[in-house]
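The file input_39.cif comes next; it holds mmCIF, C-alpha atoms.
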data_entry
#
loop_
_atom_site.label_atom_id
_atom_site.label_comp_id
_atom_site.auth_asym_id
_atom_site.auth_seq_id
_atom_site.Cartn_x
_atom_site.Cartn_y
_atom_site.Cartn_z
CA MET A 1 41.16 6.20 5.28
CA SER A 2 38.82 8.88 4.05
CA THR A 3 36.00 6.29 3.71
CA THR A 4 36.21 5.17 7.33
CA THR A 5 35.97 8.72 8.63
CA ALA A 6 33.34 9.69 6.07
CA GLN A 7 30.96 6.89 7.06
CA PRO A 8 30.36 7.86 10.72
CA ALA A 9 30.06 11.51 9.64
CA ALA A 10 27.39 10.56 7.08
CA LYS A 11 25.61 8.44 9.69
CA GLN A 12 25.67 11.33 12.18
CA LYS A 13 24.28 13.66 9.52
CA ASN A 14 21.56 11.10 8.77
CA THR A 15 20.59 10.81 12.45
CA ALA A 16 20.46 14.59 12.80
CA GLY A 17 18.36 14.75 9.62
CA PHE A 18 16.02 12.09 11.02
CA PHE A 19 15.32 14.01 14.23
CA LEU A 20 15.06 17.34 12.42
CA GLY A 21 12.70 15.85 9.83
CA LEU A 22 10.63 14.25 12.58
CA ALA A 23 10.35 17.57 14.43
CA VAL A 24 9.27 19.28 11.21
CA VAL A 25 6.57 16.64 10.61
CA LEU A 26 5.28 17.07 14.16
CA VAL A 27 5.08 20.86 13.82
CA LEU A 28 3.26 20.50 10.47
CA CYS A 29 0.77 18.11 12.09
CA PHE A 30 -0.05 20.84 14.62
CA VAL A 31 -0.46 23.33 11.76
CA ALA A 32 -2.82 20.89 9.96
CA ARG A 33 -4.84 20.40 13.15
CA TYR A 34 -5.02 24.16 13.69
CA PHE A 35 -6.46 24.82 10.21
CA TYR A 36 -8.79 21.82 10.41
CA ASN A 37 -10.30 23.07 13.67
CA ILE A 38 -10.54 26.68 12.47
CA VAL A 39 -12.32 25.81 9.19
CA LYS A 40 -14.49 22.94 10.51
CA PRO A 41 -17.34 25.10 11.93
CA MET A 42 -17.23 27.58 9.02
CA THR A 43 -19.38 27.66 5.89
CA LEU A 44 -17.27 27.81 2.76
CA PRO A 45 -18.22 29.73 -0.43
CA GLY A 46 -21.17 28.07 -2.16
CA GLY A 47 -22.63 26.96 1.17
CA ILE A 48 -20.17 24.05 1.47
CA PRO A 49 -19.68 23.08 5.12
CA GLY A 50 -16.08 23.49 6.34
CA SER A 51 -16.23 19.99 7.84
CA VAL A 52 -15.81 18.47 4.34
CA LEU A 53 -12.18 19.57 4.53
CA GLU A 54 -11.15 16.65 6.73
CA TYR A 55 -7.71 16.59 8.30
CA PRO A 56 -6.06 14.32 5.64
CA ILE A 57 -6.66 17.09 3.08
CA TRP A 58 -5.10 19.75 5.32
CA ALA A 59 -2.18 17.51 6.20
CA ALA A 60 -1.37 16.59 2.57
CA ALA A 61 -1.81 20.21 1.40
CA ILE A 62 0.47 21.58 4.13
CA GLY A 63 2.99 18.84 3.33
CA LEU A 64 2.91 19.87 -0.35
CA ILE A 65 3.40 23.58 0.45
CA PHE A 66 6.38 22.87 2.71
CA ASN A 67 7.76 20.39 0.17
CA TYR A 68 8.06 23.35 -2.19
CA VAL A 69 9.44 25.67 0.51
CA PHE A 70 12.08 23.15 1.64
CA LYS A 71 13.18 22.42 -1.92
CA ALA A 72 13.41 26.13 -2.73
CA THR A 73 15.59 26.69 0.34
CA ASN A 74 17.70 23.54 -0.29
CA VAL A 75 16.95 21.89 3.05
CA HIS A 76 14.60 19.18 1.78
CA GLU A 77 17.31 16.53 1.32
CA ARG A 78 18.58 17.13 4.85
CA LEU A 79 15.15 16.49 6.36
CA VAL A 80 14.12 13.48 4.22
CA PRO A 81 15.30 10.81 6.75
CA GLY A 82 12.55 11.99 9.11
CA PHE A 83 9.75 11.71 6.55
CA LYS A 84 8.67 8.18 7.52
CA THR A 85 5.34 7.88 5.69
CA GLU A 86 5.19 4.08 5.81
CA LEU A 87 6.18 3.81 9.47
CA PHE A 88 3.61 6.36 10.67
CA LEU A 89 0.96 4.72 8.54
CA LYS A 90 1.70 1.21 9.82
CA ILE A 91 1.54 2.38 13.46
CA GLY A 92 -1.75 4.14 12.71
CA LEU A 93 -3.15 0.99 11.11
CA ILE A 94 -2.20 -1.17 14.10
CA LEU A 95 -3.99 1.33 16.36
CA LEU A 96 -6.97 1.27 14.00
CA GLY A 97 -7.13 -2.49 14.57
CA SER A 98 -8.03 -1.81 18.19
CA LYS A 99 -11.49 -0.56 17.22
CA VAL A 100 -12.34 -3.33 14.77
CA SER A 101 -14.07 -6.44 16.08
CA PHE A 102 -12.63 -9.71 14.87
CA LYS A 103 -15.99 -10.70 13.40
CA VAL A 104 -16.01 -7.59 11.19
CA LEU A 105 -12.37 -8.20 10.32
CA VAL A 106 -13.06 -11.77 9.20
CA THR A 107 -16.23 -10.82 7.26
CA ALA A 108 -14.58 -7.88 5.52
CA ALA A 109 -11.35 -9.81 4.91
CA GLY A 110 -13.39 -12.63 3.32
CA GLY A 111 -14.83 -10.18 0.81
CA ALA A 112 -11.49 -8.45 0.48
CA ILE A 113 -9.71 -11.69 -0.44
CA ILE A 114 -12.14 -12.29 -3.32
CA GLN A 115 -11.98 -8.65 -4.35
CA GLY A 116 -8.18 -8.65 -4.02
CA ILE A 117 -7.73 -11.72 -6.20
CA ILE A 118 -10.05 -10.37 -8.92
CA MET A 119 -8.54 -6.87 -8.82
CA VAL A 120 -4.87 -7.85 -8.59
CA THR A 121 -5.16 -10.42 -11.40
CA CYS A 122 -7.16 -8.22 -13.82
CA VAL A 123 -5.27 -4.99 -13.18
CA TYR A 124 -1.86 -6.67 -13.16
CA PHE A 125 -2.33 -8.38 -16.52
CA PHE A 126 -4.04 -5.36 -18.12
CA SER A 127 -1.15 -3.14 -17.02
CA TRP A 128 1.45 -5.71 -18.16
CA TRP A 129 -0.24 -6.01 -21.56
CA LEU A 130 -0.68 -2.23 -22.05
CA ALA A 131 2.90 -1.45 -20.99
CA GLY A 132 4.05 -4.05 -23.53
CA LYS A 133 2.05 -2.28 -26.26
CA PHE A 134 3.84 0.96 -25.33
CA GLY A 135 7.20 -0.83 -25.58
CA LEU A 136 8.26 -0.42 -21.92
CA PRO A 137 11.06 -2.69 -20.65
CA ASP A 138 9.95 -5.87 -18.83
CA THR A 139 11.44 -4.77 -15.49
CA LEU A 140 9.53 -1.46 -15.56
CA ARG A 141 6.38 -3.32 -16.67
CA ALA A 142 6.68 -5.65 -13.69
CA VAL A 143 7.31 -2.88 -11.12
CA MET A 144 4.55 -0.66 -12.49
CA SER A 145 2.00 -3.47 -12.78
CA THR A 146 2.64 -4.63 -9.21
CA ALA A 147 2.45 -1.05 -7.89
CA VAL A 148 -0.84 -0.25 -9.60
CA SER A 149 -2.47 -3.61 -8.88
CA ILE A 150 -1.46 -4.15 -5.24
CA CYS A 151 -0.38 -1.25 -3.11
CA GLY A 152 1.91 1.29 -4.62
CA VAL A 153 5.23 1.98 -3.01
CA SER A 154 5.95 -1.15 -0.95
CA ALA A 155 4.70 -3.42 -3.75
CA ALA A 156 6.92 -1.58 -6.23
CA ILE A 157 9.93 -2.13 -3.98
CA ALA A 158 9.08 -5.81 -3.40
CA SER A 159 8.64 -6.57 -7.09
CA ALA A 160 11.74 -4.56 -8.02
CA GLY A 161 13.77 -6.84 -5.76
CA ALA A 162 12.25 -9.92 -7.40
CA VAL A 163 12.91 -8.83 -11.00
CA LEU A 164 16.16 -6.90 -10.33
CA ALA A 165 14.78 -3.64 -11.67
CA LYS A 166 16.92 -0.51 -11.95
CA LYS A 167 16.90 1.96 -9.05
CA GLU A 168 15.56 4.77 -11.26
CA GLU A 169 12.62 2.56 -12.28
CA ILE A 170 11.62 2.20 -8.62
CA THR A 171 12.01 5.95 -7.96
CA TYR A 172 9.99 6.70 -11.06
CA VAL A 173 7.10 4.36 -10.24
CA THR A 174 7.09 5.54 -6.62
CA ALA A 175 6.72 9.15 -7.80
CA LEU A 176 3.93 8.13 -10.20
CA VAL A 177 2.08 6.31 -7.43
CA ILE A 178 2.12 9.33 -5.09
CA VAL A 179 1.24 11.84 -7.83
CA THR A 180 -1.88 9.88 -8.78
CA ALA A 181 -2.83 8.78 -5.26
CA LEU A 182 -2.93 12.27 -3.75
CA PRO A 183 -5.68 13.65 -6.05
CA LEU A 184 -7.52 10.30 -5.90
CA MET A 185 -7.59 10.57 -2.10
CA VAL A 186 -9.75 13.69 -2.48
CA ILE A 187 -11.65 12.87 -5.70
CA ALA A 188 -12.72 9.30 -4.80
CA PRO A 189 -14.74 10.32 -1.69
CA LEU A 190 -16.37 13.15 -3.69
CA LEU A 191 -17.41 10.69 -6.41
CA ALA A 192 -18.62 8.20 -3.82
CA ARG A 193 -20.73 10.92 -2.21
CA ALA A 194 -22.14 11.90 -5.60
CA MET A 195 -23.10 8.25 -6.18
CA ASN A 196 -24.54 8.03 -2.66
CA MET A 197 -22.46 4.95 -1.92
CA PRO A 198 -22.96 3.16 1.40
CA GLU A 199 -19.84 3.50 3.57
CA PRO A 200 -18.72 -0.18 3.43
CA VAL A 201 -18.96 -0.19 -0.39
CA ALA A 202 -17.13 3.13 -0.63
CA GLY A 203 -14.42 1.85 1.72
CA ALA A 204 -14.00 -1.30 -0.37
CA TRP A 205 -13.81 0.84 -3.50
CA PHE A 206 -11.09 3.09 -2.05
CA GLY A 207 -9.20 0.02 -0.85
CA GLY A 208 -9.37 -1.50 -4.32
CA ASN A 209 -8.57 1.49 -6.50
CA VAL A 210 -6.39 4.01 -4.64
CA ASP A 211 -2.78 2.95 -4.99
CA THR A 212 -1.04 3.78 -1.73
CA THR A 213 -2.25 2.62 1.65
CA ALA A 214 -1.83 6.15 3.04
CA ALA A 215 -4.18 7.61 0.42
CA VAL A 216 -6.65 4.74 0.97
CA VAL A 217 -6.82 5.52 4.67
CA GLY A 218 -7.06 9.24 3.82
CA ALA A 219 -9.98 8.70 1.42
CA GLY A 220 -11.74 6.48 3.98
CA THR A 221 -11.22 9.05 6.74
CA ILE A 222 -12.70 11.77 4.55
CA TYR A 223 -15.77 9.63 3.78
CA GLY A 224 -16.55 8.30 7.26
CA GLU A 225 -15.46 6.02 10.10
CA THR A 226 -16.91 2.81 8.62
CA ALA A 227 -15.40 3.60 5.24
CA GLN A 228 -12.01 4.14 6.92
CA THR A 229 -12.20 0.73 8.64
CA ILE A 230 -13.33 -1.23 5.57
CA ALA A 231 -10.86 0.58 3.30
CA SER A 232 -8.00 -0.31 5.67
CA ILE A 233 -9.04 -3.97 5.93
CA VAL A 234 -9.41 -4.30 2.15
CA LYS A 235 -6.05 -2.63 1.51
CA ASN A 236 -4.26 -4.69 4.17
CA THR A 237 -5.68 -7.89 2.69
CA GLN A 238 -4.44 -6.80 -0.72
CA ASN A 239 -1.03 -5.94 0.77
CA VAL A 240 -0.71 -9.51 2.03
CA LEU A 241 -0.64 -10.63 -1.61
CA ILE A 242 2.66 -8.77 -2.19
CA GLY A 243 4.73 -11.79 -1.18
CA VAL A 244 2.87 -14.15 -3.50
CA VAL A 245 3.23 -11.79 -6.48
CA ALA A 246 6.94 -11.17 -5.71
CA PHE A 247 7.51 -14.93 -5.63
CA LEU A 248 5.66 -15.55 -8.92
CA LEU A 249 7.50 -12.65 -10.59
CA ALA A 250 10.90 -13.89 -9.44
CA TYR A 251 9.96 -17.35 -10.76
CA TYR A 252 8.90 -15.92 -14.14
CA PHE A 253 12.07 -13.85 -14.57
CA VAL A 254 14.31 -16.77 -13.61
CA ALA A 255 12.51 -19.05 -16.09
CA LYS A 256 12.93 -16.39 -18.78
CA GLU A 257 16.45 -15.17 -18.13
CA GLY A 258 18.03 -17.97 -16.10
CA GLY A 259 19.50 -17.92 -12.58
CA GLU A 260 18.80 -19.45 -9.20
CA ARG A 261 15.20 -20.54 -8.55
CA PRO A 262 13.50 -18.44 -5.88
CA SER A 263 12.47 -20.02 -2.60
CA ALA A 264 8.89 -19.88 -1.33
CA ALA A 265 10.39 -18.21 1.78
CA ILE A 266 10.09 -14.95 -0.15
CA ILE A 267 6.32 -15.08 0.56
CA TRP A 268 7.00 -14.76 4.31
CA GLN A 269 9.87 -12.29 3.80
CA ARG A 270 7.57 -9.96 1.88
CA PHE A 271 4.58 -10.52 4.14
CA PRO A 272 3.69 -7.17 5.75
CA LYS A 273 4.26 -8.15 9.39
CA PHE A 274 2.49 -5.11 10.77
CA VAL A 275 -0.76 -6.78 9.60
CA LEU A 276 -0.19 -9.28 12.45
CA GLY A 277 -0.20 -6.29 14.82
CA PHE A 278 -3.49 -5.13 13.30
CA ILE A 279 -5.04 -8.59 13.89
CA ILE A 280 -3.77 -8.82 17.50
CA ALA A 281 -5.08 -5.30 18.24
CA SER A 282 -8.45 -6.36 16.85
CA LEU A 283 -8.44 -9.42 19.15
CA LEU A 284 -7.72 -7.15 22.17
CA TYR A 285 -10.81 -5.12 21.26
CA THR A 286 -12.90 -8.24 20.62
CA PHE A 287 -12.00 -9.73 24.03
CA GLY A 288 -12.96 -6.47 25.76
CA LEU A 289 -9.46 -5.36 26.83
CA ILE A 290 -10.11 -2.12 24.97
CA THR A 291 -13.69 -0.88 25.06
CA LYS A 292 -15.33 2.23 23.72
CA ASP A 293 -16.44 3.22 27.24
CA ASN A 294 -13.04 3.87 28.81
CA THR A 295 -10.31 6.44 28.27
CA SER A 296 -7.88 3.87 26.81
CA TYR A 297 -10.02 3.84 23.67
CA ASP A 298 -9.83 7.64 23.27
CA PHE A 299 -6.11 7.54 24.00
CA VAL A 300 -5.42 4.93 21.32
CA GLN A 301 -7.72 6.54 18.75
CA GLY A 302 -6.20 9.96 19.48
CA PHE A 303 -2.72 8.63 18.76
CA MET A 304 -4.06 6.87 15.63
CA ASN A 305 -5.21 10.22 14.21
CA TRP A 306 -1.83 11.81 14.94
CA PHE A 307 0.10 9.01 13.27
CA PHE A 308 -2.20 9.10 10.23
CA CYS A 309 -1.85 12.88 10.10
CA ALA A 310 1.97 12.52 10.15
CA ALA A 311 1.74 10.00 7.27
CA PHE A 312 -0.40 12.40 5.18
CA VAL A 313 1.97 15.30 5.88
CA CYS A 314 4.90 13.11 4.76
CA MET A 315 3.03 12.12 1.59
CA GLY A 316 2.88 15.79 0.62
CA LEU A 317 6.49 16.34 1.65
CA GLU A 318 7.77 13.41 -0.41
CA LEU A 319 6.03 14.21 -3.69
CA SER A 320 8.45 14.66 -6.56
CA VAL A 321 7.80 15.04 -10.27
CA ALA A 322 11.43 15.54 -11.33
CA GLU A 323 11.75 11.84 -12.27
CA PHE A 324 9.12 12.10 -15.01
CA LYS A 325 11.34 14.15 -17.28
CA LYS A 326 14.02 11.43 -17.22
CA MET A 327 11.78 8.61 -18.48
CA GLY A 328 9.42 10.38 -20.86
CA TRP A 329 5.64 10.36 -20.89
CA ALA A 330 4.89 6.85 -22.23
CA PRO A 331 4.98 5.23 -18.74
CA VAL A 332 2.84 8.09 -17.35
CA THR A 333 0.23 7.47 -20.07
CA VAL A 334 0.21 3.74 -19.32
CA TYR A 335 -0.10 4.36 -15.60
CA LEU A 336 -2.99 6.81 -16.00
CA ILE A 337 -4.94 4.52 -18.34
CA VAL A 338 -4.47 1.61 -15.94
CA THR A 339 -5.55 3.78 -13.00
CA VAL A 340 -8.82 4.61 -14.79
CA PHE A 341 -9.33 0.90 -15.60
CA ASN A 342 -8.57 0.04 -11.96
CA THR A 343 -11.03 2.65 -10.66
CA VAL A 344 -13.92 1.52 -12.87
CA LEU A 345 -13.32 -2.19 -12.27
CA ALA A 346 -13.00 -1.68 -8.48
CA LEU A 347 -16.30 0.21 -8.48
CA GLY A 348 -18.17 -2.75 -9.99
CA VAL A 349 -16.39 -5.38 -7.91
CA SER A 350 -16.84 -3.55 -4.60
CA TRP A 351 -20.58 -3.01 -5.24
CA LEU A 352 -20.93 -6.69 -6.06
CA ILE A 353 -18.93 -8.00 -3.09
CA PHE A 354 -19.53 -5.47 -0.29
CA GLY A 355 -22.98 -4.35 -1.42
CA TRP A 356 -24.36 -7.80 -2.06
CA LEU A 357 -22.19 -10.84 -1.24
CA PHE A 358 -20.44 -9.72 1.99
CA PRO A 359 -22.31 -6.71 3.36
CA ALA A 360 -20.22 -5.64 6.37
CA ASN A 361 -22.33 -4.27 9.21
CA LEU A 362 -20.26 -2.31 11.70
CA MET B 1 16.14 -11.03 13.82
CA LYS B 2 16.54 -7.68 12.07
CA LEU B 3 14.36 -4.84 13.35
CA THR B 4 12.44 -3.95 10.22
CA GLU B 5 10.07 -1.02 9.87
CA ASP B 6 7.13 -3.42 10.19
CA TRP B 7 8.27 -4.79 13.54
CA LEU B 8 9.15 -1.29 14.75
CA ALA B 9 5.58 -0.25 13.90
CA VAL B 10 4.27 -3.24 15.90
CA ILE B 11 6.44 -2.30 18.92
CA ILE B 12 5.41 1.37 18.89
CA GLY B 13 1.77 0.52 18.18
CA PHE B 14 1.54 -1.87 21.12
CA ALA B 15 3.46 0.51 23.38
CA VAL B 16 0.70 3.07 22.70
CA ILE B 17 -2.04 0.47 23.29
CA ILE B 18 -0.47 -0.74 26.58
CA ILE B 19 0.03 2.83 27.88
CA GLY B 20 -3.58 3.52 26.91
CA MET B 21 -4.77 0.42 28.78
CA LEU B 22 -2.97 1.55 31.94
CA ASP B 23 -5.50 4.36 31.93
CA PHE B 24 -3.49 7.04 33.71
CA ILE B 25 -3.21 9.68 30.98
CA ASP B 26 -6.10 11.96 30.09
CA PRO B 27 -6.43 11.69 26.29
CA ALA B 28 -8.02 15.14 25.92
CA PHE B 29 -4.75 16.65 24.64
CA LEU B 30 -4.79 14.22 21.68
CA LYS B 31 -8.17 15.31 20.40
CA PHE B 32 -8.06 16.21 16.76
#

Could you quickly redo this structure as structure tokens?
Amino acid sequence: MSTTTAQPAAKQKNTAGFFLGLAVVLVLCFVARYFYNIVKPMTLPGGIPGSVLEYPIWAAAIGLIFNYVFKATNVHERLVPGFKTELFLKIGLILLGSKVSFKVLVTAAGGAIIQGIIMVTCVYFFSWWLAGKFGLPDTLRAVMSTAVSICGVSAAIASAGAVLAKKEEITYVTALVIVTALPLMVIAPLLARAMNMPEPVAGAWFGGNVDTTAAVVGAGTIYGETAQTIASIVKNTQNVLIGVVAFLLAYYFVAKEGGERPSAAIIWQRFPKFVLGFIIASLLYTFGLITKDNTSYDFVQGFMNWFFCAAFVCMGLELSVAEFKKMGWAPVTVYLIVTVFNTVLALGVSWLIFGWLFPANL
Amino acid sequence: MKLTEDWLAVIIGFAVIIIGMLDFIDPAFLKF
């Protein structure tokens, strides 16, 4: 009896939390925009132009500050249902598709497929091997390796389902992914600038080495418009590989531990369907239904920035380091070493592919 | 078919694109 009455009450609380959380995210987006516009024309200490502080940095920083405030005042848990990082990001990416011509998409995706296969294979097996040396359990090895080699949070969840990992392993890897991706989102564009990287190469590098799609888009946005486009295409192409890896992992674990053989349908189940939206939006642009000359373009791009901003705010709001204490520092060490390996390898591969083999001209 | 987050993103994304294509809202208020 108590369960049946408790369930609708919990659902109601969840719905209220969703709308409250959503309202908070919207307000924080306005705060981020306010600071971005105030600082943009300024000159910062050391003669640094204020425009280097692009809106993803403001959004993530404001998200982090309010993460702390909400946790200190015990309201964070109530608001969490409205922190929809992945949803905001996916909508933003679909809208981004509407300014990418199909020719660029195909050229960049061609390079991204080669880069993705090299990166995912090398990073996955390096991470698997290193985690084994540190004595981590196979399920954690699988979740961590997929997260670091493909695309962070959603890859971690997909692989966890395939290998039946524990819930705390997913939470742990998710926290690790966000903790490393946030600083990388800021550091990677700075390094790229120091190396004077062309925008397509920098974009491909961000797409290959930064672990979450949100941080990839953030790094690209900070570096420039072309970098943002190429980074998104490279990351989306890599995301498509989630299904294949989930299928192979499920197959490996069944062969090792017994159980029902997985069906190839898992590849479609895990396929990120929003990528189809990205492709269709790109076709609309290619066939001239959206052009840079009319207001529809500004309208769509305006909304894209707002959705991306909401995703960056949520990234800051969702950061949690409490899980680290539960599992010890061995997995953190593995993850950090693999991230450095990933960063260096992606640098070489993106120069080779996007600087030489598939130079994308936007 | 279950409405997953991916499909929801597609629906919202295309709703924005279609409203944009109708060309009746001034996008100035969206400027970042």

**Request:** Give the residues of chain B that lie within 7 Å of chain A; count all atoms listed in the file, and format the answer as a VMD selection string.
**Result:** chain B and resid 5 to 7 9 to 10 12 to 13 16 to 17 20 to 21 23 27 30 to 32

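Proximity to stretch 202-217 of chain A at 6 Å, evaluated using only C-alpha atoms and with sequence-adjacent residues fewer than 6 positions away removed, yields A:Val148, A:Cys151, A:Gly152, A:Ala181, A:Met185, A:Ala227, A:Gln228, A:Ile230, A:Ala231, A:Val234, A:Lys235, A:Asn342, A:Thr343, A:Ala346, A:Leu347, A:Ser350.
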
**Asked** Given the choices A:Val240, A:Ala265, A:Val120, A:Leu53, which gets closest to A:Tyr223 if the distance is worked out from only C-alpha atoms?
**Response**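 Under the stated criterion, the closest residue is A:Leu53.
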
**Request:** Would you mind telling me which residue in A:Val143, A:Val27, A:Leu249, A:Cys314 lies nearest to A:Glu168 when using all atoms listed in the file?
**Result:**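 Ranking A:Val143, A:Val27, A:Leu249, A:Cys314 by distance to A:Glu168, first place goes to A:Val143.
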
**Reference answer for the PyMOL selection byres ((chain A and resi 339) around 12), as a ChimeraX atom specification** = /A:119,123-124,126-127,130,144-145,147-150,152,176-177,179-181,184,208-211,332-338,340-346

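Relative to atom CA of A:Gly110, atom CA of A:Ser282 is found at 15.7 Å.
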
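Proximity of A:Gly224, A:Ile178, A:Val100, A:Ala158 to A:Gly243, computed with all atoms listed in the file, is greatest for A:Ala158.
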
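Taken over the whole file, the PyMOL selection byres ((chain A and resi 186) around 9) covers exactly Pro56, Ile57, Ala181, Leu182, Pro183, Leu184, Met185, Ile187, Ala188, Pro189, Leu190, Ala215, Gly218, Ala219 and Ile222 of chain A.
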
**Prompt:** the PyMOL selection byres ((chain A and resi 78) around 8) on the file shown: which residues, as a PyMOL selection string?
**Reply:** chain A and resi 14+17+21+75-77+79-81

**Prompt:** Expressed in Å to a single decimal, how great is the separation between atom CA of A:Leu241 and atom CA of A:Ala155?
**Reply:** 9.2 Å

**Asked** At what distance in Å, to one decimal, does atom CA of A:Glu54 lie from atom CA of A:Met42?
**Response** 12.7 Å
